[in-house]
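S.K.: Below is the structure I would like to discuss, written out as structure tokens.
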Amino acid sequence: MSTTTYSGSDLQVQTHFAPPAVLRAACGAAAGLIAGLLYWVLLTSQNVSPLMSASDIPGDLLVHLVLSTLTGIIFALTFGKLVITPGAGIMWGVVFGLMWWFVGPLTLFPIFNGQPVTWTIGAAQDAFPLLTGLAVSFGAAMGLIYLTLAALFAGKLNPQNLRNIGLTFVGLAVSGALAGLLGGLVFGGWMSRVQFFPLVAQILQTDSADAGYALHILISVIIGATFGVLFRADIRGLGTSIAWGFAYGFIWWILGALTLMPVFLGVGVQWSLGVAQENFGSLVGHIVYGLILGLSYALIVRTYQILFVDSDPLNREPEGPGTRNVRALGLGIIASVTGGLAFTLVMVATNTLPSVAGVVGGNAALVGFVVHMSISAIIGATYGLLFQRNVHTYGSALSWGIVFGLVWWFIGPLTLMPLILSGSLAWNLDAATANFPSLIGHMLYGGFLAVTFRWLTERFDPVRQRALPLNKRYQPPQPQQQTPTAAALWTLTLLLSLVLVLLLGTGA
Amino acid sequence: MTNNNYRIRQIIIGSIIGILTALLSGVAATILIGQSAINMLGGSDDLLIAWLIHLVLGAGIGATYAYVFPTRSDDGYAQSTMSGLVYGVLMWVLLVLNLIPLVMGRGPQWRVEEAVALFPALVTYMLQGVLLGIGCRLVFSVTNLSLDEIEDEAPAPIEVQDRIVILGGGFAGVELAQHLEHYFEDHPETEIALVSNTNHLLFTPMLSEVTSGGVEERHITPPLRTFFKRVRVMRGEPTAVDFENQIVRFATGVSTEPSLNYTHLVFALGSVPNFFGNKNIEANAFVFKSLTDAVDIRNHIIDILERADTEPDPEHRRTLLTFVVVGGGFAGIELIGSLNDLVRGSLWYFPNIDPEEVRLILIHARDRVLPELSESLGRYAQEKMEARGIEFILNARASDAGPDFLKIGEDQVIPTRTLIWTAGNVPNPALQLCGLETDKRGAVIVDEMLRVRGHENVWAIGDNAIVPDVITGETAPPTAQYAQREGKTLAYNIHALMHGQPTKQFAHRSQGTLAVIGHQTAVAEVGGFKFSGLFAWFMWRGIYISKLPTMEKRIRVLLDWVVDVFFPRDLASLQTTLQPQTPPAQPTDRVADNQPAVLD
Ligand SMILES: Cc1cc2nc3c(=O)[nH]c(=O)nc-3n(C[C@H](O)[C@H](O)[C@H](O)COP(=O)(O)OP(=O)(O)OC[C@H]3O[C@@H](n4cnc5c(N)ncnc54)[C@H](O)[C@@H]3O)c2cc1C
């Protein structure tokens with residue numbers, strides 16, 4: 001097993017888990033085969049062949065299983081080393097599944113079937129059921145199964161040395177469960193408004209809304225608990241935790257709303273584009289749930305650490321959190337100017353500034369601009385505060401910035417803005433379609449903000465400081481070293497925005 | 001390999017790989033989708049131009065990718081693939097949705113339908129990104145251009161070739177050191193050493209608030225070590241300078257007294273209180289210059305109040321409750337203002353003291369206080385302070401003092417147990433100790449470049465130097481503002497000299513002066529405008545808190561101020577032993593046997 005350790009006050013990061021290639025390939029093959037079967041079984045209710053062939057060719061299953069086994073091997077050889085925790089297994093699995101969707105259903109399968117490759121939105125929408133299926137029931141399942149097998153046979157994966165955050169598994173699960181409860185309460189508010197609970201209650205064979213509510217809360221708590229356990233190694237701070245929650249919420253939308261619930265209700269998985277579009281409100285709900293889950297989980301764990309875990313007197317930061325946080329806040333605000341201006345371009349082009357002015361009861365574009373820049377500044381400050389340790393390179397700053405921008409698309413125009421302006425949520429397809437330019441605006445905002453922030457904070461970069469002659473004995477505060485799973489998270493969020501394009505594509 | 005070199009090579013290689021991947025993805029798109037894909041990617045209907053644009057963009061994408069995602073050798077291909085993919089999608093948003101349409105005069109494509117129509121380009125870009133990620137990772141690991149190649153390079157031990165020694169860590173010295181640090185950022189072989197006899201910078205403008213208890217003493221003394229990145233800080237006092245061999249020796253209290261060779265030597269030792277030879281005053285007066293002075297005065301005042309509260313004899317009580325400050329400059333005015341606040345603000349807790357018995361007296365040798373400010377402002381300050389119960393005795397000279405009295409001129413005697421001396425300052429006598437030539441006040445005379453007369457590489461700034469200001473034609477006043485400006489100019493000059501560039505003359509136009517004269521009121525003169533009162537006070541606080549070094553201290557002082565607004569005066573005296581009671585002697589019995597002091 002090769003490991004890389006970054007020494008720091010409380011973190012020992014093991015970034016790679018590498019059993020011999022042959023063993024990995026074998027585990028990957030088995031995982032691909034099992035996950036492929038699962039995927040096939042679930043897909044039967046959808047009337048779609050996993051190979052997208054028009055007719056029912058009996059040999060399809062065989063070809064599909066061979067292909068699954070092969071992709072499993074490829075997965076193991078490419079991403080296998082990075083799968084060091086169950087959370088990493090799920091994330092890389094989902095990402096791999098989504099990527100395979102581009103390669104297989106969008107490119108290779110049409111060729112096999114003698115059809116032209118178009119790479120158009122229409123083709124992508126036709127293949128939507130496979131996207132949903134490949135992401136979770138194939139990808140995530142494969143990642144998890146692969147990790148289980150590899151750990152079983154290689155036998156050396158010891159989660160204990162991943163990172164000591166002073167909490168046992170039970171503690172992590174309880175923190176996650178508490179956070180999940182909070183998220184569930186918020187999500188539940190929307191669900192009761194759209195009369196969703198009787199539907200949930202049907203799983204228990206009743207239609208009592210209370211039973212549905214109870215079940216919903218139970219599920220929220222369980223998902224929260226798994227979040228804590230699965231991503232314990234990856235969650236490094238408040239900001240990244242929000243992003244993890246975000247991605248996890250998305251995965252559970254596919255897994256819960258589109259897969260498990262219909263299966264429990266006896267109608268088989270519902271992966272078609274139409275159903276997904278009908279469930280758009282639930283998607284936003286899951287994502288908001290995930291955001292709250294991520295934030296509160298990190299807060300709970302942080303509070304626990306502050307209160308009960310001994311700090312390390314030798315590695316105390318010379319600056320102290322006061323200086324650092326105030327600086328991050330200030331630089332975040334300054335950095336928000338470029339992001340805010342970039343976003344303003346989108347707003348001018350789509351003429352939405354007047355409606356932003358509505359937040360303060362006005363309707364002039366200039367008022368809207370001022371409101372917009374003020375909101376930008378606040379969000380910029382939170383970016384600085386939340387992600388100050390994650391801007392070690394321009395790349396990671398940029399990636400987190402875009403994820404953060406995307407997160408705010410859900411919080412801002414779909415949730416808070418309509419709440420303030422009309423007192424109701426806009427968790428529906430029409431609102432989202434209308435706000436599509438704003439999605440691009442948000443991502444632009446996040447990107448510009450992050451790059452500027454990184455540029456502004458470069459002077460304080462620990463790596464640079466270490467090079468100063470006087471500081472040779474001084475260990476600078478460690479940047480929060482990404483676990484390799486972070487890359488999967490970034491990819492997943494970007495792919496999520498593609499899914500959004502697909503969902504909104506016909507709504508327009 | 002230096003950081004820059006490495007970056008440039010990385011970017012060049014990145015752009016080459018970028019072109020190749022653009023070529024590959026373009027070919028793939030042509031085969032799979034057809035020519036229209038290239039038209040979409042290049043944003044032009046002319047196939048050749050579209051290809052060209054696509055390839056040029058590819059180079060740009062590759063170059064920026066290499067810069068934005070510097071790879072580490074342990075990153076692994078999967079991670080690079082992902083970062084490439086992410087980057088590809090980003091570039092699609094930036095280029096295909098925004099830039100290309102903009103340049104082609106079509107306006108950005110932000111609506112769903114438009115984005116959807118450009119979907120094929122997205123897939124191409126994703127492919128291109130993946131290839132780019134893999135390609136860069138491959139080439140960088142083969143060519144040893146990964147990030148850790150430079151990160152892990154241990155910083156080479158640096159040999160000191162030149163050393164700039166700064167004596168004195170006050171406003172002038174610290175400002176100089178900070179600017180030198182900046183100028184010599186890329187020259188670690190030039191050492192900057194700062195030697196001072198205190199380990200902190202004393203923020204004198206807030207010293208009077210320490211006396212009144214509004215601000216904690218530690219909060220205005222940022223330790224020197226904390227705000228430099230590479231300046232070498234030493235606590236010590238210079239004992240001798242060998243100008244010939246360029247060596248300065250120190251007393252530091254360690255087993256072997258150290259010495260430093262210097263390339264440039266700077267004197268910034270500030271000033272010390274001066275009693276003009278009047279031994280009686282010197283023996284009986286407090287001075288107000290250092291942190292300990294402020295703390296001593298505060299303890300003493302509280303102690304006096306405690307005593308007065310139990311003193312039965314009215315005569316003695318009046319002596320105790322008379323507080324005298326000599327000197328009406330900044331320090332004296334600010335001090336007596338804050339003493340007034342402290343004493344009168346605390347009387348509530350001392351029920352046996354009659355407010356009528358309290359006297360605070362400021363004695364000044366000229367006919368108006370605050371000579372640093374304009375006349376009308378000085379008068380205003382005096383009026384305000386008189387309204388607050390401070391007595392002024394102007395045009396008066398202290399001539400003698402004892403434990404319980406102060407004598408003014410020939411015959412006026414004020415019974416008091418509190419005498420604070422802020423009337424005279426002279427340049428630090430350590431200058432003469434070091435063998436520098438000084439004027440009769442003891443100050444070093446420097447030229448417009450701040451260089452000490454008769455020396456090539458010896459300089460002096462701040463209160464210990466007589467600095468000609470080319471703008472006013474006069475000598476620079478002894479204020480913190482000027483000290484800092486001199487530090488800044490000198491940093492420039494030393495750097496210029498060491499790099500064969502022309503030096504510049506010291507020229508500074510005062511940005512304004514401010515002085516607090518009591519609770520929530522100040523006087524100010526900024527840019528020719530005079531104002532006073534609450535606004536000036538807010539301004540004083542705003543300006544000075546921003547000048548206080550280090551964020552930590554700023555926040556602490558801010559908190560002190562906030563607490564001071566909401567909570568009662570802190571009356572803890574740090575004096576833990578009871579002072580023996582000396583019976584007040586009859587002032588008139590004393591014979592003034594020393595010369596009258598010359599003030600200001
Ligand atoms: C109470 C008070 C209030 C003031 N208020 C204001 C104001 O409001 N605004 C304003 O502009 N100015 C004000 N001043 C004046 C201002 O403080 C000085 O002009 C300024 O400090 C001059 O800076 P400097 O660096 O020359 O000397 P200083 O700041 O005095 O620094 C001298 C340094 O040398 C060190 N040192 C001294 N002797 C030795 C030795 N033998 N060996 C080694 N090190 C030594 C000292 O520790 C100190 O660090 C005030 C002064 C006082 C005393």
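By order in the structure tokens, chains are A, B, ...; within a chain, residues start at 1; ligands start at 1, following the order shown.
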Within 8 Å of Thr69 of chain A, counting only C-alpha atoms, which residues show up once you throw out same-chain ones fewer than 6 positions away? Write them as number ranges by chain, please.
M.R.: A: 28-33, 36
S.K.: List the spatial neighbours of Leu291 of chain A as a ChimeraX atom specification - criterion: any atom at most 6 Å away, only C-alpha atoms, same-chain residues fewer than 2 positions off excluded.
M.R.: /A:242,245-246,288-289,293-294
S.K.: For chain B, list the residues within 9 Å of chain A, counting only C-alpha atoms, and write the list as a ChimeraX atom specification.
M.R.: /B:32-34,65,67-70,74-80,82-83,85-87,89-90,93-94,107-113,115-124,151,154-158,188,226,229-232,550-552,555
S.K.: Using only C-alpha atoms and all ligand atoms, what are the residues with an atom within 8 Å of ligand 1, set out as an NGL selection string?
M.R.: :B and (167-174 or 195-208 or 235-238 or 268-272 or 288-290 or 330-332 or 334-335 or 422 or 428-430 or 461-465 or 477-484 or 513-515)
S.K.: So how many Å separate atom CA of Thr81 of chain B and atom CA of Phe109 of chain A, to one decimal?
M.R.: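 Straight-line distance from atom CA of Thr81 of chain B to atom CA of Phe109 of chain A works out to 22.8 Å.
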S.K.: DSSP on the backbone: which residues in segment 294-470 of chain A end up as alpha helix (DSSP H)? Give the answer as a PyMOL selection string.
M.R.: chain A and resi 294-308+320-350+353-357+365-387+394-411+417-422+429-434+436-457+462-466
S.K.: With a distance cut-off of 7 Å and only C-alpha atoms, select the neighbouring residues of Leu181 of chain A, excluding the residue or stretch itself and same-chain residues fewer than 2 positions from it, and output the selection as number ranges by chain.
M.R.: A: 177-179, 183-185, 217, 220-221
S.K.: Measuring atom to atom with only C-alpha atoms, identify which of B:Trp459, B:Asp564, B:Leu48, B:Val287 is nearest to Ile164 of chain B.
M.R.: B:Trp459
S.K.: Would you mind listing what lies within 12 Å of Ala536 of chain B as an MDAnalysis selection string, with only C-alpha atoms counted and same-chain residues fewer than 4 positions away left out?
M.R.: chainID B and resid 377 381 512:526 529:532 540:544
S.K.: Could you take the residues named above and write them with N, CA and C atoms, as a compact mmCIF listing (two decimals), in the first residue's frame?
M.R.:
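Writing done, so here's again38.txt:
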# COMPACT_ATOMS: atom_id res chain seq x y z
N LEU B 377 -7.40 76.73 17.08
CA LEU B 377 -7.72 75.39 17.56
C LEU B 377 -7.17 75.17 18.96
N ALA B 381 -9.34 74.27 22.23
CA ALA B 381 -9.03 73.15 23.12
C ALA B 381 -8.98 73.63 24.56
N GLY B 512 -2.16 66.37 8.59
CA GLY B 512 -3.10 66.88 9.57
C GLY B 512 -2.71 66.47 10.97
N THR B 513 -3.28 67.15 11.91
CA THR B 513 -2.99 66.82 13.31
C THR B 513 -4.28 66.67 14.08
N LEU B 514 -4.26 65.81 15.04
CA LEU B 514 -5.45 65.55 15.84
C LEU B 514 -5.01 65.39 17.29
N ALA B 515 -5.84 65.85 18.21
CA ALA B 515 -5.54 65.59 19.61
C ALA B 515 -6.84 65.43 20.38
N VAL B 516 -6.87 64.42 21.23
CA VAL B 516 -8.03 64.22 22.08
C VAL B 516 -7.88 65.10 23.30
N ILE B 517 -8.95 65.79 23.65
CA ILE B 517 -8.82 66.67 24.81
C ILE B 517 -9.73 66.24 25.94
N GLY B 518 -10.33 65.10 25.83
CA GLY B 518 -11.16 64.59 26.92
C GLY B 518 -12.21 63.65 26.39
N HIS B 519 -13.11 63.32 27.30
CA HIS B 519 -14.12 62.33 26.95
C HIS B 519 -14.96 62.81 25.76
N GLN B 520 -14.93 62.06 24.69
CA GLN B 520 -15.73 62.32 23.48
C GLN B 520 -15.54 63.70 22.88
N THR B 521 -14.36 64.25 23.02
CA THR B 521 -14.11 65.47 22.27
C THR B 521 -12.65 65.56 21.87
N ALA B 522 -12.43 66.06 20.69
CA ALA B 522 -11.07 66.17 20.18
C ALA B 522 -10.98 67.42 19.32
N VAL B 523 -9.77 67.83 19.03
CA VAL B 523 -9.58 68.93 18.09
C VAL B 523 -8.75 68.41 16.93
N ALA B 524 -9.02 68.93 15.75
CA ALA B 524 -8.32 68.41 14.58
C ALA B 524 -8.07 69.51 13.57
N GLU B 525 -7.00 69.34 12.85
CA GLU B 525 -6.72 70.22 11.73
C GLU B 525 -6.25 69.33 10.60
N VAL B 526 -7.08 69.20 9.58
CA VAL B 526 -6.78 68.29 8.49
C VAL B 526 -6.93 69.03 7.18
N PHE B 529 -8.44 72.45 7.12
CA PHE B 529 -9.71 72.62 7.83
C PHE B 529 -9.53 72.34 9.31
N LYS B 530 -10.21 73.17 10.11
CA LYS B 530 -10.15 72.94 11.55
C LYS B 530 -11.51 72.50 12.02
N PHE B 531 -11.53 71.54 12.89
CA PHE B 531 -12.80 71.24 13.52
C PHE B 531 -12.55 70.57 14.86
N SER B 532 -13.62 70.43 15.59
CA SER B 532 -13.45 70.01 16.97
C SER B 532 -14.73 69.35 17.44
N TRP B 540 -10.65 61.03 15.23
CA TRP B 540 -9.41 60.66 15.90
C TRP B 540 -9.38 59.16 16.10
N ARG B 541 -10.50 58.65 16.64
CA ARG B 541 -10.53 57.22 16.91
C ARG B 541 -10.40 56.41 15.63
N GLY B 542 -11.14 56.84 14.60
CA GLY B 542 -11.09 56.10 13.33
C GLY B 542 -9.70 56.08 12.75
N ILE B 543 -9.07 57.25 12.74
CA ILE B 543 -7.76 57.35 12.12
C ILE B 543 -6.72 56.58 12.93
N TYR B 544 -6.74 56.79 14.23
CA TYR B 544 -5.67 56.18 15.01
C TYR B 544 -5.82 54.67 15.11
S.K.: For a test of reading the model, state the distance in Å between atom CA of Leu406 of chain A and atom CA of Val337 of chain A, rounded to one decimal.
M.R.: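 Separation between atom CA of Leu406 of chain A and atom CA of Val337 of chain A: 17.8 Å.
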S.K.: With only C-alpha atoms as the atoms that count, which of A:Ser296, A:Thr132, A:Ser355, A:Gln202 lies nearest to Gly97 of chain A?
M.R.: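 Nearest to Gly97 of chain A: A:Thr132.
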